[in-house]
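Pasted below: my_file-v3.txt, compact mmCIF, C-alpha atoms.
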# COMPACT_ATOMS: atom_id res chain seq x y z
CA MET A 24 -79.29 32.49 -18.05
CA SER A 25 -82.81 31.56 -19.19
CA GLY A 26 -85.59 33.90 -18.07
CA ARG A 27 -87.32 31.35 -15.86
CA PHE A 28 -84.17 30.40 -13.98
CA SER A 29 -83.11 33.99 -13.36
CA GLU A 30 -86.62 34.79 -12.07
CA ILE A 31 -86.35 31.98 -9.54
CA TRP A 32 -82.81 33.09 -8.63
CA VAL A 33 -83.88 36.70 -8.08
CA TYR A 34 -86.74 35.51 -5.86
CA LEU A 35 -84.58 33.15 -3.80
CA ALA A 36 -81.63 35.50 -3.54
CA THR A 37 -83.69 37.91 -1.45
CA SER A 38 -84.31 35.26 1.22
CA PRO A 39 -81.60 34.38 3.74
CA LEU A 40 -82.10 30.69 2.93
CA LEU A 41 -80.05 30.88 -0.26
CA GLY A 42 -76.97 32.59 1.22
CA LEU A 43 -76.93 30.15 4.14
CA THR A 44 -77.42 27.07 1.98
CA VAL A 45 -74.81 27.94 -0.67
CA THR A 46 -72.28 28.60 2.12
CA LEU A 47 -72.82 25.15 3.61
CA VAL A 48 -72.87 23.42 0.22
CA ALA A 49 -69.69 25.20 -0.96
CA TYR A 50 -67.89 24.32 2.28
CA GLN A 51 -68.87 20.66 2.05
CA ALA A 52 -67.80 20.47 -1.59
CA ALA A 53 -64.46 22.08 -0.64
CA PHE A 54 -64.04 19.73 2.30
CA TRP A 55 -64.80 16.72 0.10
CA LEU A 56 -62.06 17.84 -2.31
CA TYR A 57 -59.66 18.45 0.59
CA SER A 58 -60.24 14.88 1.90
CA ARG A 59 -59.86 13.43 -1.60
CA LEU A 60 -56.47 15.20 -1.86
CA LYS A 61 -55.44 13.56 1.45
CA LEU A 62 -55.67 16.82 3.45
CA ASN A 63 -52.97 18.47 1.36
CA PRO A 64 -52.53 21.95 2.91
CA LEU A 65 -52.64 23.55 -0.56
CA ALA A 66 -56.27 22.42 -0.96
CA ASN A 67 -57.36 24.55 2.02
CA PRO A 68 -61.17 24.21 2.36
CA VAL A 69 -61.71 27.86 3.38
CA ALA A 70 -59.82 29.13 0.32
CA ILE A 71 -61.74 26.82 -2.01
CA SER A 72 -65.16 27.68 -0.50
CA VAL A 73 -64.45 31.41 -0.74
CA ALA A 74 -63.34 31.05 -4.37
CA LEU A 75 -66.47 29.03 -5.26
CA LEU A 76 -68.80 31.52 -3.56
CA VAL A 77 -67.14 34.63 -5.01
CA ALA A 78 -67.38 33.06 -8.48
CA LEU A 79 -71.07 32.21 -7.92
CA LEU A 80 -71.99 35.68 -6.62
CA TRP A 81 -70.04 37.36 -9.39
CA ALA A 82 -71.59 35.18 -12.12
CA THR A 83 -75.12 35.84 -10.85
CA GLY A 84 -74.53 39.53 -10.06
CA THR A 85 -75.55 39.02 -6.43
CA PRO A 86 -74.25 41.76 -4.08
CA TYR A 87 -72.26 40.70 -1.00
CA ALA A 88 -74.82 42.36 1.31
CA THR A 89 -77.60 40.14 -0.09
CA TYR A 90 -75.45 37.04 0.31
CA PHE A 91 -74.50 38.05 3.84
CA GLU A 92 -78.14 38.24 4.95
CA GLY A 93 -78.10 34.45 4.84
CA ALA A 94 -74.42 33.83 5.60
CA GLN A 95 -74.60 35.95 8.76
CA PHE A 96 -76.09 32.97 10.62
CA VAL A 97 -72.81 31.11 10.08
CA HIS A 98 -70.75 34.25 10.77
CA PHE A 99 -72.68 34.86 14.00
CA LEU A 100 -71.43 31.57 15.45
CA LEU A 101 -67.89 33.01 15.63
CA GLY A 102 -68.98 34.82 18.82
CA PRO A 103 -70.12 31.75 20.79
CA ALA A 104 -67.16 29.82 19.26
CA THR A 105 -64.79 32.38 20.76
CA VAL A 106 -66.47 31.93 24.17
CA ALA A 107 -66.25 28.15 23.69
CA LEU A 108 -62.45 28.42 23.43
CA ALA A 109 -62.50 28.64 27.23
CA VAL A 110 -63.28 24.89 27.31
CA PRO A 111 -60.18 23.49 25.49
CA LEU A 112 -58.15 26.15 27.31
CA TYR A 113 -59.44 24.78 30.63
CA LEU A 114 -59.03 21.13 29.58
CA ASN A 115 -55.37 21.79 28.71
CA LEU A 116 -54.71 23.48 32.04
CA GLU A 117 -52.32 20.71 33.10
CA LYS A 118 -50.21 21.02 29.92
CA LEU A 119 -50.33 24.77 30.34
CA ARG A 120 -49.00 24.58 33.91
CA LYS A 121 -46.23 22.13 33.01
CA ASN A 122 -44.96 24.16 30.05
CA LEU A 123 -45.66 27.57 31.48
CA VAL A 124 -42.31 29.19 30.66
CA PRO A 125 -41.88 28.00 27.03
CA LEU A 126 -45.56 28.67 26.28
CA ALA A 127 -45.53 32.16 27.78
CA GLY A 128 -42.24 33.00 26.03
CA GLY A 129 -43.42 31.64 22.68
CA LEU A 130 -46.75 33.43 23.01
CA VAL A 131 -45.33 36.87 23.77
CA ALA A 132 -42.54 36.56 21.16
CA GLY A 133 -44.91 35.22 18.48
CA SER A 134 -47.64 37.74 19.21
CA LEU A 135 -45.21 40.67 18.96
CA ALA A 136 -43.52 39.15 15.87
CA ALA A 137 -46.94 38.91 14.15
CA VAL A 138 -47.94 42.53 14.78
CA LEU A 139 -44.51 44.15 14.34
CA SER A 140 -43.49 42.22 11.22
CA ALA A 141 -46.86 42.99 9.59
CA LEU A 142 -46.60 46.71 10.40
CA GLY A 143 -42.88 46.91 9.50
CA ILE A 144 -42.99 45.01 6.21
CA GLY A 145 -46.32 46.56 5.16
CA TRP A 146 -45.02 50.06 5.90
CA ALA A 147 -41.74 49.42 4.04
CA LEU A 148 -43.71 48.22 1.00
CA GLY A 149 -45.89 51.34 1.03
CA ALA A 150 -49.25 49.96 2.25
CA SER A 151 -51.76 52.70 3.20
CA ARG A 152 -52.47 53.63 6.83
CA GLU A 153 -55.94 52.04 6.75
CA SER A 154 -54.48 48.85 5.31
CA LEU A 155 -51.76 48.78 7.98
CA LEU A 156 -54.26 49.16 10.84
CA SER A 157 -56.41 46.46 9.25
CA LEU A 158 -53.34 44.25 8.78
CA ALA A 159 -51.86 44.47 12.28
CA PRO A 160 -54.30 42.12 14.12
CA LYS A 161 -54.26 39.56 11.26
CA SER A 162 -52.98 36.64 13.35
CA VAL A 163 -55.87 36.58 15.83
CA THR A 164 -59.21 34.96 15.22
CA THR A 165 -61.75 36.98 13.17
CA PRO A 166 -64.16 38.31 15.85
CA ILE A 167 -61.26 39.54 17.99
CA ALA A 168 -59.33 40.98 15.05
CA MET A 169 -62.42 42.75 13.65
CA GLY A 170 -63.17 44.20 17.07
CA ILE A 171 -59.60 45.48 17.41
CA ALA A 172 -59.48 46.95 13.89
CA GLU A 173 -62.82 48.69 14.40
CA LYS A 174 -61.68 50.31 17.65
CA LEU A 175 -58.44 51.53 16.04
CA GLY A 176 -59.77 52.98 12.81
CA GLY A 177 -58.94 50.11 10.46
CA LEU A 178 -61.56 48.56 8.18
CA PRO A 179 -63.16 45.56 9.94
CA SER A 180 -64.30 43.91 6.71
CA LEU A 181 -60.79 44.22 5.22
CA THR A 182 -59.34 42.84 8.45
CA ALA A 183 -61.68 39.85 8.18
CA VAL A 184 -60.36 39.12 4.70
CA LEU A 185 -56.72 39.53 5.79
CA VAL A 186 -57.31 37.32 8.84
CA VAL A 187 -58.78 34.59 6.67
CA ALA A 188 -55.90 34.94 4.17
CA THR A 189 -53.38 34.72 7.04
CA GLY A 190 -55.08 31.61 8.39
CA ILE A 191 -54.97 29.93 5.00
CA LEU A 192 -51.31 30.93 4.47
CA GLY A 193 -50.39 29.67 7.95
CA ALA A 194 -52.10 26.34 7.30
CA VAL A 195 -50.30 26.04 3.96
CA LEU A 196 -46.83 27.29 4.99
CA ALA A 197 -46.49 25.82 8.51
CA ARG A 198 -45.30 22.37 7.50
CA GLY A 199 -42.47 23.65 5.28
CA THR A 200 -41.35 26.34 7.73
CA LEU A 201 -41.30 24.02 10.74
CA ASN A 202 -39.57 21.20 8.82
CA LEU A 203 -36.91 23.67 7.67
CA LEU A 204 -36.29 24.68 11.31
CA ARG A 205 -36.27 20.96 12.30
CA ILE A 206 -39.03 21.46 14.89
CA GLU A 207 -40.46 17.98 15.54
CA ASP A 208 -42.35 18.31 18.83
CA HIS A 209 -46.08 18.33 18.00
CA ALA A 210 -46.81 20.59 20.95
CA VAL A 211 -44.41 23.26 19.65
CA ARG A 212 -45.57 22.84 16.04
CA GLY A 213 -49.22 23.21 17.07
CA PHE A 214 -48.60 26.20 19.31
CA ALA A 215 -46.66 28.05 16.59
CA VAL A 216 -49.44 27.44 14.04
CA GLY A 217 -52.08 28.61 16.54
CA VAL A 218 -50.23 31.86 17.33
CA ALA A 219 -49.66 32.68 13.64
CA ALA A 220 -52.81 31.34 12.01
CA HIS A 221 -55.65 31.24 14.63
CA GLY A 222 -58.72 29.07 13.89
CA ILE A 223 -57.85 28.04 10.35
CA GLY A 224 -54.39 26.93 11.50
CA THR A 225 -56.01 25.18 14.48
CA ALA A 226 -58.50 23.37 12.26
CA ARG A 227 -55.56 22.19 10.14
CA ALA A 228 -53.55 21.16 13.24
CA PHE A 229 -56.45 19.04 14.58
CA GLN A 230 -56.42 17.16 11.27
CA VAL A 231 -52.73 16.29 11.75
CA SER A 232 -52.82 15.19 15.41
CA GLU A 233 -54.83 15.64 18.61
CA THR A 234 -51.84 17.10 20.51
CA MET A 235 -51.04 19.54 17.74
CA GLY A 236 -54.68 20.66 17.66
CA ALA A 237 -54.94 21.09 21.43
CA PHE A 238 -51.82 23.28 21.52
CA ALA A 239 -52.94 25.24 18.47
CA GLY A 240 -56.31 25.90 20.13
CA LEU A 241 -54.53 26.94 23.32
CA ALA A 242 -52.30 29.32 21.33
CA MET A 243 -55.27 30.77 19.44
CA GLY A 244 -57.16 31.51 22.68
CA LEU A 245 -54.17 32.96 24.50
CA ASN A 246 -53.00 35.04 21.53
CA GLY A 247 -56.54 36.38 21.10
CA LEU A 248 -56.61 37.46 24.74
CA LEU A 249 -53.08 38.90 24.74
CA THR A 250 -53.57 40.82 21.49
CA ALA A 251 -56.99 42.11 22.53
CA PHE A 252 -55.57 43.56 25.75
CA LEU A 253 -52.07 44.62 24.64
CA PHE A 254 -52.61 45.81 21.11
CA PRO A 255 -54.77 48.88 21.86
CA LEU A 256 -52.20 49.87 24.51
CA LEU A 257 -49.32 49.50 22.03
CA VAL A 258 -51.09 51.66 19.48
CA ARG A 259 -52.00 54.29 22.09
CA LEU A 260 -48.36 54.49 23.16
CA TRP A 261 -47.22 54.71 19.57
CA GLY A 262 -49.86 57.21 18.49
CA GLY A 263 -49.07 59.41 21.55
CA MET B 19 -76.72 20.90 23.43
CA LEU B 20 -79.40 23.60 23.78
CA GLY B 21 -78.46 24.30 27.39
CA ALA B 22 -74.75 24.54 26.56
CA LEU B 23 -75.41 26.80 23.56
CA THR B 24 -77.57 29.04 25.76
CA LEU B 25 -74.77 29.15 28.33
CA LEU B 26 -72.24 30.24 25.66
CA LEU B 27 -74.62 32.98 24.48
CA VAL B 28 -75.25 34.16 28.05
CA TYR B 29 -71.49 34.48 28.62
CA GLN B 30 -71.09 36.30 25.32
CA LEU B 31 -73.92 38.66 26.26
CA ALA B 32 -72.36 39.27 29.68
CA GLY B 33 -69.05 40.01 27.92
CA GLU B 34 -70.71 42.51 25.55
CA ALA B 35 -72.49 44.20 28.47
CA ILE B 36 -69.24 44.54 30.44
CA VAL B 37 -67.47 46.05 27.41
CA GLN B 38 -70.31 48.56 26.92
CA LEU B 39 -70.37 49.50 30.60
CA THR B 40 -66.62 49.83 31.15
CA GLY B 41 -65.43 50.94 27.71
CA LEU B 42 -62.72 48.23 27.77
CA PRO B 43 -60.95 48.17 24.37
CA VAL B 44 -61.58 44.42 24.03
CA PRO B 45 -64.25 42.56 22.01
CA GLY B 46 -67.18 41.21 24.08
CA PRO B 47 -66.72 37.50 23.21
CA VAL B 48 -63.14 37.69 24.60
CA ILE B 49 -64.48 38.85 27.97
CA GLY B 50 -67.08 36.08 27.69
CA MET B 51 -64.30 33.53 27.13
CA LEU B 52 -62.39 34.87 30.13
CA LEU B 53 -65.51 34.74 32.35
CA LEU B 54 -66.29 31.17 31.27
CA PHE B 55 -62.66 30.14 31.88
CA LEU B 56 -62.76 31.63 35.40
CA THR B 57 -66.10 29.91 36.05
CA LEU B 58 -64.64 26.53 35.03
CA LEU B 59 -61.60 27.15 37.25
CA ALA B 60 -63.82 28.04 40.22
CA ARG B 61 -66.10 25.06 39.53
CA GLY B 62 -63.17 22.69 39.09
CA GLY B 63 -64.54 20.94 35.98
CA ALA B 64 -66.28 21.31 32.62
CA PRO B 65 -69.72 19.62 32.30
CA GLY B 66 -69.87 16.94 29.60
CA LYS B 67 -72.58 18.72 27.62
CA LEU B 68 -70.59 21.94 27.49
CA ARG B 69 -67.56 19.95 26.32
CA GLY B 70 -69.57 18.26 23.57
CA THR B 71 -71.14 21.47 22.31
CA SER B 72 -67.85 23.38 22.37
CA GLN B 73 -66.14 20.58 20.52
CA ALA B 74 -68.90 20.49 17.89
CA LEU B 75 -68.67 24.25 17.41
CA LEU B 76 -64.86 24.30 17.27
CA SER B 77 -64.55 21.27 14.99
CA HIS B 78 -66.30 23.27 12.24
CA LEU B 79 -64.36 26.41 13.04
CA SER B 80 -62.99 26.86 9.53
CA LEU B 81 -66.55 26.96 8.11
CA LEU B 82 -67.30 29.99 10.29
CA PHE B 83 -64.62 32.04 8.49
CA VAL B 84 -66.15 31.54 5.04
CA PRO B 85 -68.73 34.40 5.07
CA ALA B 86 -66.07 36.91 6.17
CA GLY B 87 -63.68 35.54 3.54
CA VAL B 88 -66.24 36.07 0.76
CA GLY B 89 -66.11 39.75 1.81
CA VAL B 90 -62.92 39.87 -0.29
CA MET B 91 -65.24 40.88 -3.16
CA LEU B 92 -65.86 44.25 -1.44
CA HIS B 93 -62.16 45.03 -1.47
CA PHE B 94 -61.12 44.11 -5.00
CA GLU B 95 -60.33 47.77 -5.74
CA ARG B 96 -58.01 48.29 -2.76
CA LEU B 97 -56.51 44.85 -3.30
CA GLY B 98 -55.91 45.70 -6.95
CA ALA B 99 -53.82 48.71 -5.92
CA GLU B 100 -52.05 47.18 -2.92
CA TRP B 101 -52.16 43.44 -3.54
CA LEU B 102 -48.42 42.93 -3.95
CA ALA B 103 -47.53 44.80 -0.73
CA LEU B 104 -50.28 42.99 1.19
CA ALA B 105 -49.44 39.54 -0.21
CA VAL B 106 -45.71 39.85 0.48
CA THR B 107 -46.44 41.19 3.98
CA LEU B 108 -48.86 38.35 4.79
CA VAL B 109 -46.54 35.59 3.56
CA ALA B 110 -43.38 37.00 5.20
CA SER B 111 -45.09 37.92 8.47
CA THR B 112 -46.80 34.52 8.76
CA VAL B 113 -43.54 32.61 8.20
CA ILE B 114 -41.71 34.91 10.66
CA THR B 115 -44.44 34.44 13.31
CA ILE B 116 -44.41 30.64 13.01
CA GLY B 117 -40.59 30.56 13.10
CA VAL B 118 -40.15 32.99 16.02
CA THR B 119 -42.80 31.25 18.16
CA ALA B 120 -41.35 27.78 17.55
CA LEU B 121 -37.71 28.80 18.06
CA VAL B 122 -38.40 30.74 21.29
CA MET B 123 -40.42 27.80 22.67
CA ARG B 124 -37.70 25.30 21.81
CA ALA B 125 -34.99 27.51 23.36
CA LEU B 126 -37.01 27.80 26.60
CA GLN B 127 -37.81 24.07 26.77
CA ARG B 128 -34.16 23.18 27.35
Write-out of the structure in structure tokens:
Amino acid sequence: MSGRFSEIWVYLATSPLLGLTVTLVAYQAAFWLYSRLKLNPLANPVAISVALLVALLWATGTPYATYFEGAQFVHFLLGPATVALAVPLYLNLEKLRKNLVPLAGGLVAGSLAAVLSALGIGWALGASRESLLSLAPKSVTTPIAMGIAEKLGGLPSLTAVLVVATGILGAVLARGTLNLLRIEDHAVRGFAVGVAAHGIGTARAFQVSETMGAFAGLAMGLNGLLTAFLFPLLVRLWGG
Amino acid sequence: MLGALTLLLVYQLAGEAIVQLTGLPVPGPVIGMLLLFLTLLARGGAPGKLRGTSQALLSHLSLLFVPAGVGVMLHFERLGAEWLALAVTLVASTVITIGVTALVMRALQR
């Protein structure tokens, strides 16, 4: 890097403006690529933005904490976005009432499957205790999962990474898994993606169809609530 | 837009306050979501502006995960040691969760 450019970089990197701007630019570049590739799930925009930003920070030697001073304004919106989930939840009240039994059954089964399979497989493969506690809430949306991990002695920042990775995997793997099981109903497909892969899965589902997105959003909200209330109880029972 | 955003923040703040006061093991925004949901139920409708703002916020939901995702750079060391176990767990558990949810729902729909 030439002296002049690195001077400017060092100056700008200390202001929140840079972290915020590069986040938005990276996301829009990733989203542009995703649209060009006809919304192929493999070109997940979150995965591409994260890769671009990690490469940029690494190449310029910028610490994550410096980057986060700007990016926190985006991150902060996860809180109000979680509250905002009440709105689609309310708007889908009719669908919720009509499908109460399958939705409740799918939610409880899926929520337990997510936590237990993560703990069981992770434990069998020798993951550390901290990693397991950070891994367990991986299927719920970031602010909820981070809150749960923090209260249980996991590492919230590791949980955030695992949650994002789970969301990306869910968005990528859902189509193949559901086709293999011959699940065609968009309501069921959306709900399953929402339970397993929270907001990133929901964002993907909305791009496929409105119904799929609405049910994914419903699943994300309900699974967040269920996990937030039940998970600490489960762990308390287990831990004695 | 501004009013609706303020409303969301007020509910979030109320949620955080309730969690601090009661020691509930649940994140504040979740309580905020629950309170807003109950308010909408009691009111019998969602105002158009709140709908618009929520939709705008939720339509860019995947962007909001990017800063946390970049935090992967803090965990390269742990991931270097445990990446295979974590990767296999994430892939298997995600496929299992999608499959179990969908199959249970389909079985109960009949």
I want to know what sits within 8 Å of range 81-94 of chain B, based on all atoms listed in the file, with residues of the same chain fewer than 3 positions away left out; could you give that as a PyMOL selection string? (chain A and resi 46-47+50+69+72-74+76-77+87+91+94-95+97-98+100-101+165+180-181+183-184+187-188) or (chain B and resi 78+97-98)
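Here CA of Leu79 in chain A is placed at a distance of 10.9 Å from CA of Gly42 in chain A.
Nearest to Thr57 in chain B of all the residues B:Leu126, B:Val44, B:Leu25, B:Ala74 is B:Leu25, counting all atoms listed in the file.
Picture a line from CA of Val163 in chain A to CA of His221 in chain A; it runs 5.5 Å.
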Quick one: which residues from chain B are at most 7 Å off chain A, using all atoms listed in the file, as a ChimeraX atom specification? /B:26-27,30,43-45,47-48,50-52,54-55,69,72,75-77,79-91,93,100,103-104,107-109,111-120,122-123,126-127
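The two atoms in question, CA of Leu56 in chain A and CA of Pro39 in chain A, are spaced 26.3 Å apart.
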Which of these residues is nearest to Gly63 in chain B, using all atoms listed in the file: A:Ser157, A:Ser232, A:Asn115, A:Asn246? A:Asn115
